$ cat run-v1.cif   # mmCIF, C-alpha atoms
data_entry
loop_
_atom_site.label_atom_id
_atom_site.label_comp_id
_atom_site.auth_asym_id
_atom_site.auth_seq_id
_atom_site.Cartn_x
_atom_site.Cartn_y
_atom_site.Cartn_z
CA MET R 1 -0.24 -34.34 69.57
CA PRO R 2 2.49 -35.11 72.12
CA ARG R 3 1.97 -38.34 74.05
CA ARG R 4 1.25 -38.06 77.78
CA VAL R 5 3.84 -39.39 80.26
CA GLY R 6 3.22 -40.28 83.90
CA ILE R 7 5.84 -39.48 86.54
CA LEU R 8 6.28 -41.59 89.66
CA GLY R 9 7.63 -38.76 91.78
CA GLY R 10 8.44 -37.61 95.28
CA MET R 11 11.75 -39.49 95.61
CA GLY R 12 12.74 -36.80 96.49
CA PRO R 13 10.37 -33.95 95.76
CA GLN R 14 13.06 -31.54 94.52
CA ALA R 15 14.34 -34.15 92.05
CA THR R 16 10.86 -34.49 90.57
CA VAL R 17 10.53 -30.73 90.13
CA LEU R 18 14.01 -30.67 88.57
CA LEU R 19 12.95 -33.36 86.09
CA MET R 20 9.89 -31.35 85.11
CA SER R 21 11.90 -28.17 84.62
CA ARG R 22 14.46 -29.99 82.45
CA VAL R 23 11.70 -31.56 80.33
CA ILE R 24 10.28 -28.09 79.72
CA ALA R 25 13.72 -26.74 78.83
CA ALA R 26 14.38 -29.64 76.43
CA VAL R 27 11.40 -28.93 74.19
CA PRO R 28 11.81 -26.35 71.38
CA ALA R 29 8.33 -24.97 71.94
CA ALA R 30 6.69 -22.04 70.18
CA ASP R 31 3.54 -22.29 72.29
CA ASP R 32 2.23 -24.01 75.44
CA ARG R 33 0.67 -26.80 73.39
CA ASP R 34 4.08 -27.88 72.06
CA HIS R 35 5.26 -29.05 75.48
CA VAL R 36 5.24 -32.59 76.87
CA PRO R 37 2.01 -33.34 78.76
CA LEU R 38 2.81 -34.86 82.16
CA ILE R 39 0.72 -36.32 84.95
CA VAL R 40 2.86 -36.30 88.08
CA ASP R 41 2.21 -38.36 91.20
CA GLN R 42 4.37 -36.39 93.66
CA ASN R 43 4.31 -38.89 96.52
CA PRO R 44 6.96 -38.24 99.21
CA GLN R 45 5.31 -40.99 101.28
CA VAL R 46 6.88 -43.75 99.17
CA PRO R 47 8.67 -45.87 101.81
CA SER R 48 12.36 -45.11 102.18
CA ARG R 49 14.54 -46.97 99.71
CA ILE R 50 17.51 -46.40 102.03
CA ALA R 51 15.74 -47.97 105.00
CA ARG R 52 14.65 -50.95 102.93
CA LEU R 53 17.80 -51.66 100.93
CA ILE R 54 20.61 -50.47 103.20
CA GLU R 55 19.26 -50.79 106.72
CA GLY R 56 16.99 -53.76 106.04
CA THR R 57 14.29 -52.41 108.34
CA GLY R 58 11.96 -50.41 106.15
CA GLU R 59 8.62 -51.08 104.52
CA ASP R 60 8.67 -52.45 100.96
CA PRO R 61 8.20 -49.56 98.49
CA ALA R 62 7.01 -51.88 95.70
CA PRO R 63 3.27 -51.96 96.56
CA VAL R 64 3.14 -48.16 96.80
CA LEU R 65 4.98 -47.73 93.50
CA VAL R 66 2.69 -50.27 91.82
CA ALA R 67 -0.39 -48.39 93.07
CA MET R 68 1.04 -45.13 91.73
CA ALA R 69 1.74 -46.71 88.34
CA ARG R 70 -1.78 -48.08 88.12
CA ARG R 71 -3.29 -44.70 89.00
CA LEU R 72 -1.24 -43.02 86.32
CA GLU R 73 -2.19 -45.64 83.74
CA ALA R 74 -5.86 -45.20 84.65
CA ALA R 75 -5.43 -41.45 84.18
CA GLY R 76 -4.48 -42.04 80.55
CA VAL R 77 -0.69 -41.80 80.37
CA GLU R 78 1.03 -43.79 77.62
CA ALA R 79 4.37 -44.35 79.37
CA LEU R 80 5.85 -44.05 82.86
CA ALA R 81 9.07 -42.47 84.12
CA MET R 82 10.58 -42.53 87.60
CA PRO R 83 13.22 -39.94 88.56
CA CYS R 84 14.86 -42.08 91.24
CA ASN R 85 17.71 -44.43 90.39
CA THR R 86 17.45 -46.61 93.50
CA ALA R 87 13.70 -47.11 93.04
CA HIS R 88 14.46 -48.87 89.74
CA HIS R 89 15.26 -51.90 91.89
CA PHE R 90 11.45 -52.24 92.03
CA ALA R 91 10.94 -51.69 88.28
CA PRO R 92 10.03 -55.36 87.59
CA ALA R 93 7.05 -55.11 89.97
CA ILE R 94 5.92 -51.89 88.29
CA THR R 95 6.17 -53.18 84.72
CA ALA R 96 4.38 -56.41 85.66
CA ALA R 97 1.43 -54.43 87.03
CA VAL R 98 0.68 -52.17 84.04
CA GLY R 99 0.27 -52.45 80.31
CA ILE R 100 2.34 -49.41 79.37
CA PRO R 101 6.14 -49.07 79.17
CA LEU R 102 8.42 -47.76 81.88
CA LEU R 103 11.19 -45.58 80.44
CA ASP R 104 14.00 -47.37 82.27
CA MET R 105 16.56 -44.84 83.49
CA VAL R 106 19.07 -47.58 84.36
CA ALA R 107 19.06 -49.27 80.94
CA LEU R 108 19.05 -45.93 79.14
CA SER R 109 21.98 -44.62 81.19
CA VAL R 110 24.08 -47.74 80.71
CA ALA R 111 23.52 -47.49 76.96
CA HIS R 112 24.61 -43.85 77.09
CA ALA R 113 27.74 -44.76 79.07
CA ALA R 114 28.60 -47.44 76.51
CA ARG R 115 28.39 -44.88 73.72
CA LEU R 116 30.76 -42.60 75.63
CA THR R 117 33.40 -45.16 76.60
CA GLY R 118 33.11 -48.07 74.20
CA THR R 119 33.46 -51.74 75.15
CA GLY R 120 35.85 -52.34 78.00
CA GLY R 121 35.38 -48.90 79.49
CA ARG R 122 35.21 -48.07 83.17
CA VAL R 123 32.37 -45.88 84.41
CA GLY R 124 32.31 -44.13 87.76
CA VAL R 125 28.97 -44.34 89.57
CA ILE R 126 28.33 -41.51 92.05
CA ALA R 127 25.20 -42.60 93.87
CA SER R 128 23.59 -43.94 97.01
CA PRO R 129 25.49 -46.91 98.48
CA ALA R 130 22.24 -48.84 97.98
CA LEU R 131 22.95 -49.04 94.25
CA ARG R 132 26.22 -50.89 94.81
CA ARG R 133 24.70 -53.11 97.47
CA ILE R 134 21.90 -54.30 95.18
CA GLY R 135 24.04 -54.27 92.02
CA LEU R 136 21.50 -52.09 90.24
CA PHE R 137 23.88 -51.06 87.44
CA ASP R 138 26.42 -53.88 87.62
CA GLY R 139 24.57 -56.51 85.57
CA SER R 140 23.60 -54.11 82.79
CA MET R 141 27.11 -52.67 82.77
CA ALA R 142 28.67 -56.13 82.45
CA GLN R 143 26.34 -57.01 79.56
CA ALA R 144 27.47 -53.81 77.81
CA GLY R 145 31.14 -54.67 78.36
CA LEU R 146 31.57 -51.96 80.99
CA THR R 147 32.91 -51.98 84.54
CA ALA R 148 31.25 -49.94 87.28
CA VAL R 149 33.65 -48.17 89.64
CA TYR R 150 32.38 -46.66 92.90
CA PRO R 151 33.87 -43.92 95.11
CA ASP R 152 35.52 -45.15 98.30
CA ASP R 153 33.69 -43.04 100.89
CA GLU R 154 30.15 -44.36 100.60
CA ALA R 155 29.25 -43.21 104.13
CA ALA R 156 30.00 -39.61 103.17
CA LEU R 157 27.88 -39.89 100.03
CA LEU R 158 24.96 -41.31 102.00
CA GLY R 159 25.32 -38.48 104.50
CA ALA R 160 25.26 -35.93 101.68
CA ILE R 161 22.08 -37.48 100.25
CA ARG R 162 20.40 -37.25 103.65
CA ARG R 163 21.51 -33.63 104.04
CA ILE R 164 20.07 -32.70 100.67
CA LYS R 165 16.78 -34.45 101.43
CA ALA R 166 16.55 -32.65 104.77
CA GLY R 167 17.65 -29.16 103.85
CA GLY R 168 18.62 -28.89 100.21
CA VAL R 169 22.05 -28.46 98.66
CA ASP R 170 24.74 -26.84 100.83
CA ALA R 171 28.49 -26.32 100.67
CA GLY R 172 29.14 -29.51 102.62
CA SER R 173 27.18 -31.75 100.24
CA ARG R 174 28.84 -30.08 97.25
CA ASP R 175 32.27 -30.76 98.72
CA ILE R 176 31.48 -34.44 99.36
CA PHE R 177 30.25 -34.84 95.80
CA ARG R 178 33.28 -33.07 94.34
CA ARG R 179 35.70 -35.19 96.39
CA ALA R 180 34.01 -38.39 95.15
CA SER R 181 34.34 -37.18 91.56
CA ALA R 182 37.98 -36.20 92.13
CA GLN R 183 38.82 -39.58 93.66
CA LEU R 184 37.39 -41.40 90.63
CA LEU R 185 39.26 -39.12 88.24
CA ALA R 186 42.53 -39.69 90.12
CA ALA R 187 41.95 -43.43 89.67
CA GLY R 188 41.72 -42.94 85.91
CA VAL R 189 37.93 -43.06 85.71
CA ALA R 190 36.96 -39.98 83.73
CA THR R 191 33.49 -41.02 82.55
CA GLN R 192 31.25 -40.57 85.57
CA MET R 193 27.55 -41.30 85.96
CA ILE R 194 25.63 -39.11 88.40
CA ALA R 195 23.17 -41.78 89.47
CA CYS R 196 21.29 -40.20 92.34
CA THR R 197 18.67 -37.56 91.68
CA GLU R 198 19.67 -35.70 94.86
CA PHE R 199 23.11 -35.31 93.28
CA SER R 200 21.42 -34.08 90.09
CA LEU R 201 20.84 -30.88 92.06
CA LEU R 202 24.61 -30.27 92.21
CA ALA R 203 25.82 -31.98 89.03
CA ASP R 204 27.80 -28.89 88.11
CA SER R 205 30.15 -29.65 91.03
CA ALA R 206 31.91 -32.57 89.33
CA GLU R 207 35.70 -32.33 89.35
CA GLU R 208 37.20 -30.38 86.46
CA GLY R 209 38.32 -32.85 83.81
CA ALA R 210 35.66 -35.44 84.59
CA LYS R 211 33.30 -36.41 81.78
CA ALA R 212 30.23 -36.51 83.99
CA PHE R 213 26.69 -37.09 82.83
CA ASP R 214 23.45 -37.11 84.77
CA THR R 215 21.10 -40.08 84.53
CA LEU R 216 18.24 -37.62 85.07
CA ASP R 217 19.18 -35.88 81.81
CA VAL R 218 19.18 -39.25 80.03
CA LEU R 219 15.66 -39.85 81.33
CA VAL R 220 14.59 -36.37 80.26
CA GLY R 221 15.76 -37.13 76.73
CA ALA R 222 13.79 -40.37 76.68
CA ILE R 223 10.63 -38.65 77.93
CA VAL R 224 10.84 -35.97 75.25
CA ASP R 225 11.65 -38.50 72.52
CA PHE R 226 8.72 -40.71 73.53
CA SER R 227 6.23 -37.88 73.86
CA LEU R 228 7.16 -36.27 70.54
CA ALA R 229 7.34 -39.70 68.86
CA ARG R 230 10.97 -39.18 67.91
CA ASP R 231 11.43 -42.93 68.31
CA ALA R 232 8.72 -43.73 65.75
#
$ encode --input "run-v1.cif" --output "structure tokens"
Amino acid sequence: MPRRVGILGGMGPQATVLLMSRVIAAVPAADDRDHVPLIVDQNPQVPSRIARLIEGTGEDPAPVLVAMARRLEAAGVEALAMPCNTAHHFAPAITAAVGIPLLDMVALSVAHAARLTGTGGRVGVIASPALRRIGLFDGSMAQAGLTAVYPDDEAALLGAIRRIKAGGVDAGSRDIFRRASAQLLAAGVATQMIACTEFSLLADSAEEGAKAFDTLDVLVGAIVDFSLARDA
């Protein structure tokens, strides 16, 4: 039987639904029972990661995330996954509070980038400016022999994230994303990590010629592998 996975969701809601749809699509199922069983805590009331990490004014999301993780563990899941890159800043608090593993999207994505570029490679990170500010990927990248490279116009990217959260994907947010991808490519950074689950909604807008991959897809692969015991 497939193992049950718990999803710490709602950051944002569309990204969580996108994760679920990609998990379904990733399973070669002949019947309903072949699919990955998920318990999803779709909690849009998790305190804003942007307010906490960028503006320095918001409530700490960690206690809410810990409570969600504990609820999911009590419900019988065997692993946790969190489709929000920035929220992985709080992963240590989550893992310390439960006795089941968190499928770490950051570590998994850095390992994937290392396979694509090899040691010494440069990896573009298209994400919330919060990631750069807290160095979420930088340490893991350095340990893997990689260098993280960020687009110049972080204010535009943050604006696009807010637009998507408020009203979904539009032409303006697509253009901002594409320009960030194009700027990285022009700087010689072809391997690009889409490291914001709002941008996962428009991942097909990367500049032509970029070797872009979505951290959400990396997490989807880990969920399916864990549930179907492909790692056993």
$ closest_residue --input "run-v1.cif" --among "R:Leu201, R:Ala87, R:Ala75, R:Val27" --to "Gly10 (chain R)" --atoms "all atoms listed in the file"
R:Ala87
$ residues_near_point --input "run-v1.cif" --point "(-0.8, -35.6, 80.6)" --cutoff "9 Å" --atoms "only C-alpha atoms" --output "list in words"
Arg3, Arg4, Val5, Gly6, Val36, Pro37, Leu38, Ile39, Val40, Ala75, Gly76, Val77 and Glu78 of chain R
$ atom_distance --input "run-v1.cif" --atom1 "CA of Asp153 (chain R)" --atom2 "CA of Val218 (chain R)"
25.7 Å
$ atom_distance --input "run-v1.cif" --atom1 "CA of Arg115 (chain R)" --atom2 "CA of Ala144 (chain R)"
9.9 Å
$ residues_near_point --input "run-v1.cif" --point "(44.2, -35.6, 87.1)" --cutoff "8 Å" --atoms "all atoms listed in the file" --output "VMD selection string"
chain R and resid 185 to 186 188 209
$ closest_residue --input "run-v1.cif" --among "R:Ile126, R:Ile194, R:Leu216, R:Ala203" --to "Ala180 (chain R)" --atoms "all atoms listed in the file"
R:Ile126
$ residues_around --input "run-v1.cif" --residues "Leu157 (chain R)" --least-positions-apart "3" --cutoff "8 Å" --atoms "all atoms listed in the file" --output "list of chain:residue names"
R:Ala127, R:Ser128, R:Pro129, R:Asp153, R:Glu154, R:Ala160, R:Ile161, R:Ile176, R:Phe177, R:Ala180
$ atom_distance --input "run-v1.cif" --atom1 "CA of Ile50 (chain R)" --atom2 "CA of Gly99 (chain R)"
28.4 Å
$ residues_around --input "run-v1.cif" --residues "Phe90 (chain R)" --least-positions-apart "4" --cutoff "8 Å" --atoms "only C-alpha atoms" --output "JSON, numbers by chain"
{"R": [61, 62, 94]}
$ residues_around --input "run-v1.cif" --residues "Ser140 (chain R)" --least-positions-apart "5" --cutoff "10 Å" --atoms "all atoms listed in the file" --output "list in words"
Val106, Ala107, Ser109, Val110, Ala111, Gly135, Gly145, Leu146, Thr147 and Ala148 of chain R
$ closest_residue --input "run-v1.cif" --among "R:Leu72, R:Ala93, R:Asp31, R:Ala26" --to "Asp60 (chain R)" --atoms "all atoms listed in the file"
R:Ala93
$ residues_around --input "run-v1.cif" --residues "Ser173 (chain R)" --least-positions-apart "5" --cutoff "10 Å" --atoms "all atoms listed in the file" --output "list in words"
Ala156, Leu157, Leu158, Gly159, Ala160, Ile161, Arg162, Arg163, Ile164, Gly168, Arg178, Arg179, Phe199, Leu202 and Ser205 of chain R
$ closest_residue --input "run-v1.cif" --among "R:Leu184, R:Leu53, R:Asp214, R:Arg70" --to "Ile100 (chain R)" --atoms "all atoms listed in the file"
R:Arg70
$ residues_around --input "run-v1.cif" --residues "His35 (chain R)" --least-positions-apart "6" --cutoff "10 Å" --atoms "all atoms listed in the file" --output "list in words"
Met1, Pro2, Arg3, Val23, Ile24, Ala25, Ala26, Val27, Pro28, Ala29, Val224, Ser227 and Leu228 of chain R
$ closest_residue --input "run-v1.cif" --among "R:Val189, R:Ile7, R:Glu198, R:Arg22" --to "Asp170 (chain R)" --atoms "only C-alpha atoms"
R:Glu198
$ closest_residue --input "run-v1.cif" --among "R:Ala74, R:Ala130, R:Val66, R:Ala195" --to "Thr95 (chain R)" --atoms "all atoms listed in the file"
R:Val66
$ axis_aligned_box --input "run-v1.cif" --around "region 211-224 of chain R" --padding-each-side "4 Å" --output "JSON"
{"center_x": 22.0, "center_y": -38.1, "center_z": 80.2, "size_x": 30.7, "size_y": 12.5, "size_z": 17.8}
$ build_atoms --input "run-v1.cif" --residues "region 132-157 of chain R" --atoms "N, CA, C and O atoms" --output "tab-separated table (two decimals), in the coordinates of the input"
chain	number	residue	atom	x	y	z
R	132	ARG	N	25.14	-49.90	94.85
R	132	ARG	CA	26.22	-50.89	94.81
R	132	ARG	C	25.79	-52.15	95.55
R	132	ARG	O	26.08	-53.27	95.11
R	133	ARG	N	25.10	-51.97	96.66
R	133	ARG	CA	24.70	-53.11	97.47
R	133	ARG	C	23.76	-54.05	96.72
R	133	ARG	O	23.84	-55.27	96.84
R	134	ILE	N	22.86	-53.48	95.93
R	134	ILE	CA	21.90	-54.30	95.18
R	134	ILE	C	22.36	-54.60	93.76
R	134	ILE	O	21.69	-55.32	93.03
R	135	GLY	N	23.51	-54.02	93.36
R	135	GLY	CA	24.04	-54.27	92.02
R	135	GLY	C	23.14	-53.74	90.92
R	135	GLY	O	23.06	-54.34	89.84
R	136	LEU	N	22.51	-52.59	91.18
R	136	LEU	CA	21.50	-52.09	90.24
R	136	LEU	C	22.07	-51.88	88.83
R	136	LEU	O	21.43	-52.23	87.85
R	137	PHE	N	23.28	-51.33	88.74
R	137	PHE	CA	23.88	-51.06	87.44
R	137	PHE	C	24.83	-52.16	86.99
R	137	PHE	O	25.15	-52.24	85.81
R	138	ASP	N	25.30	-52.98	87.91
R	138	ASP	CA	26.42	-53.88	87.62
R	138	ASP	C	26.10	-54.89	86.51
R	138	ASP	O	26.92	-55.11	85.61
R	139	GLY	N	24.92	-55.51	86.58
R	139	GLY	CA	24.57	-56.51	85.57
R	139	GLY	C	24.46	-55.91	84.18
R	139	GLY	O	25.01	-56.44	83.21
R	140	SER	N	23.76	-54.77	84.09
R	140	SER	CA	23.60	-54.11	82.79
R	140	SER	C	24.94	-53.61	82.27
R	140	SER	O	25.22	-53.67	81.07
R	141	MET	N	25.78	-53.12	83.17
R	141	MET	CA	27.11	-52.67	82.77
R	141	MET	C	27.92	-53.84	82.21
R	141	MET	O	28.57	-53.72	81.15
R	142	ALA	N	27.90	-54.97	82.90
R	142	ALA	CA	28.67	-56.13	82.45
R	142	ALA	C	28.20	-56.60	81.08
R	142	ALA	O	29.02	-56.94	80.21
R	143	GLN	N	26.88	-56.60	80.86
R	143	GLN	CA	26.34	-57.01	79.56
R	143	GLN	C	26.79	-56.07	78.45
R	143	GLN	O	26.95	-56.48	77.29
R	144	ALA	N	27.02	-54.80	78.79
R	144	ALA	CA	27.47	-53.81	77.81
R	144	ALA	C	28.99	-53.76	77.69
R	144	ALA	O	29.52	-52.93	76.96
R	145	GLY	N	29.68	-54.65	78.41
R	145	GLY	CA	31.14	-54.67	78.36
R	145	GLY	C	31.79	-53.57	79.16
R	145	GLY	O	32.93	-53.18	78.90
R	146	LEU	N	31.07	-53.05	80.17
R	146	LEU	CA	31.57	-51.96	80.99
R	146	LEU	C	31.84	-52.45	82.41
R	146	LEU	O	31.29	-53.47	82.85
R	147	THR	N	32.65	-51.70	83.14
R	147	THR	CA	32.91	-51.98	84.54
R	147	THR	C	32.50	-50.78	85.37
R	147	THR	O	32.95	-49.65	85.11
R	148	ALA	N	31.65	-51.02	86.37
R	148	ALA	CA	31.25	-49.94	87.28
R	148	ALA	C	32.32	-49.76	88.35
R	148	ALA	O	32.81	-50.72	88.93
R	149	VAL	N	32.67	-48.51	88.61
R	149	VAL	CA	33.65	-48.17	89.64
R	149	VAL	C	32.98	-47.18	90.60
R	149	VAL	O	32.39	-46.19	90.17
R	150	TYR	N	33.08	-47.47	91.90
R	150	TYR	CA	32.38	-46.66	92.90
R	150	TYR	C	33.37	-45.87	93.75
R	150	TYR	O	34.48	-46.36	94.04
R	151	PRO	N	33.01	-44.67	94.19
R	151	PRO	CA	33.87	-43.92	95.11
R	151	PRO	C	34.07	-44.69	96.42
R	151	PRO	O	33.22	-45.50	96.81
R	152	ASP	N	35.18	-44.41	97.08
R	152	ASP	CA	35.52	-45.15	98.30
R	152	ASP	C	34.63	-44.78	99.49
R	152	ASP	O	34.21	-45.66	100.24
R	153	ASP	N	34.35	-43.49	99.66
R	153	ASP	CA	33.69	-43.04	100.89
R	153	ASP	C	32.18	-43.05	100.72
R	153	ASP	O	31.53	-42.00	100.56
R	154	GLU	N	31.60	-44.24	100.78
R	154	GLU	CA	30.15	-44.36	100.60
R	154	GLU	C	29.37	-43.74	101.76
R	154	GLU	O	28.27	-43.22	101.57
R	155	ALA	N	29.93	-43.80	102.97
R	155	ALA	CA	29.25	-43.21	104.13
R	155	ALA	C	29.08	-41.71	103.94
R	155	ALA	O	28.02	-41.15	104.28
R	156	ALA	N	30.11	-41.05	103.40
R	156	ALA	CA	30.00	-39.61	103.17
R	156	ALA	C	28.94	-39.30	102.12
R	156	ALA	O	28.16	-38.35	102.27
R	157	LEU	N	28.89	-40.11	101.06
R	157	LEU	CA	27.88	-39.89	100.03
R	157	LEU	C	26.47	-40.07	100.59
R	157	LEU	O	25.57	-39.27	100.29
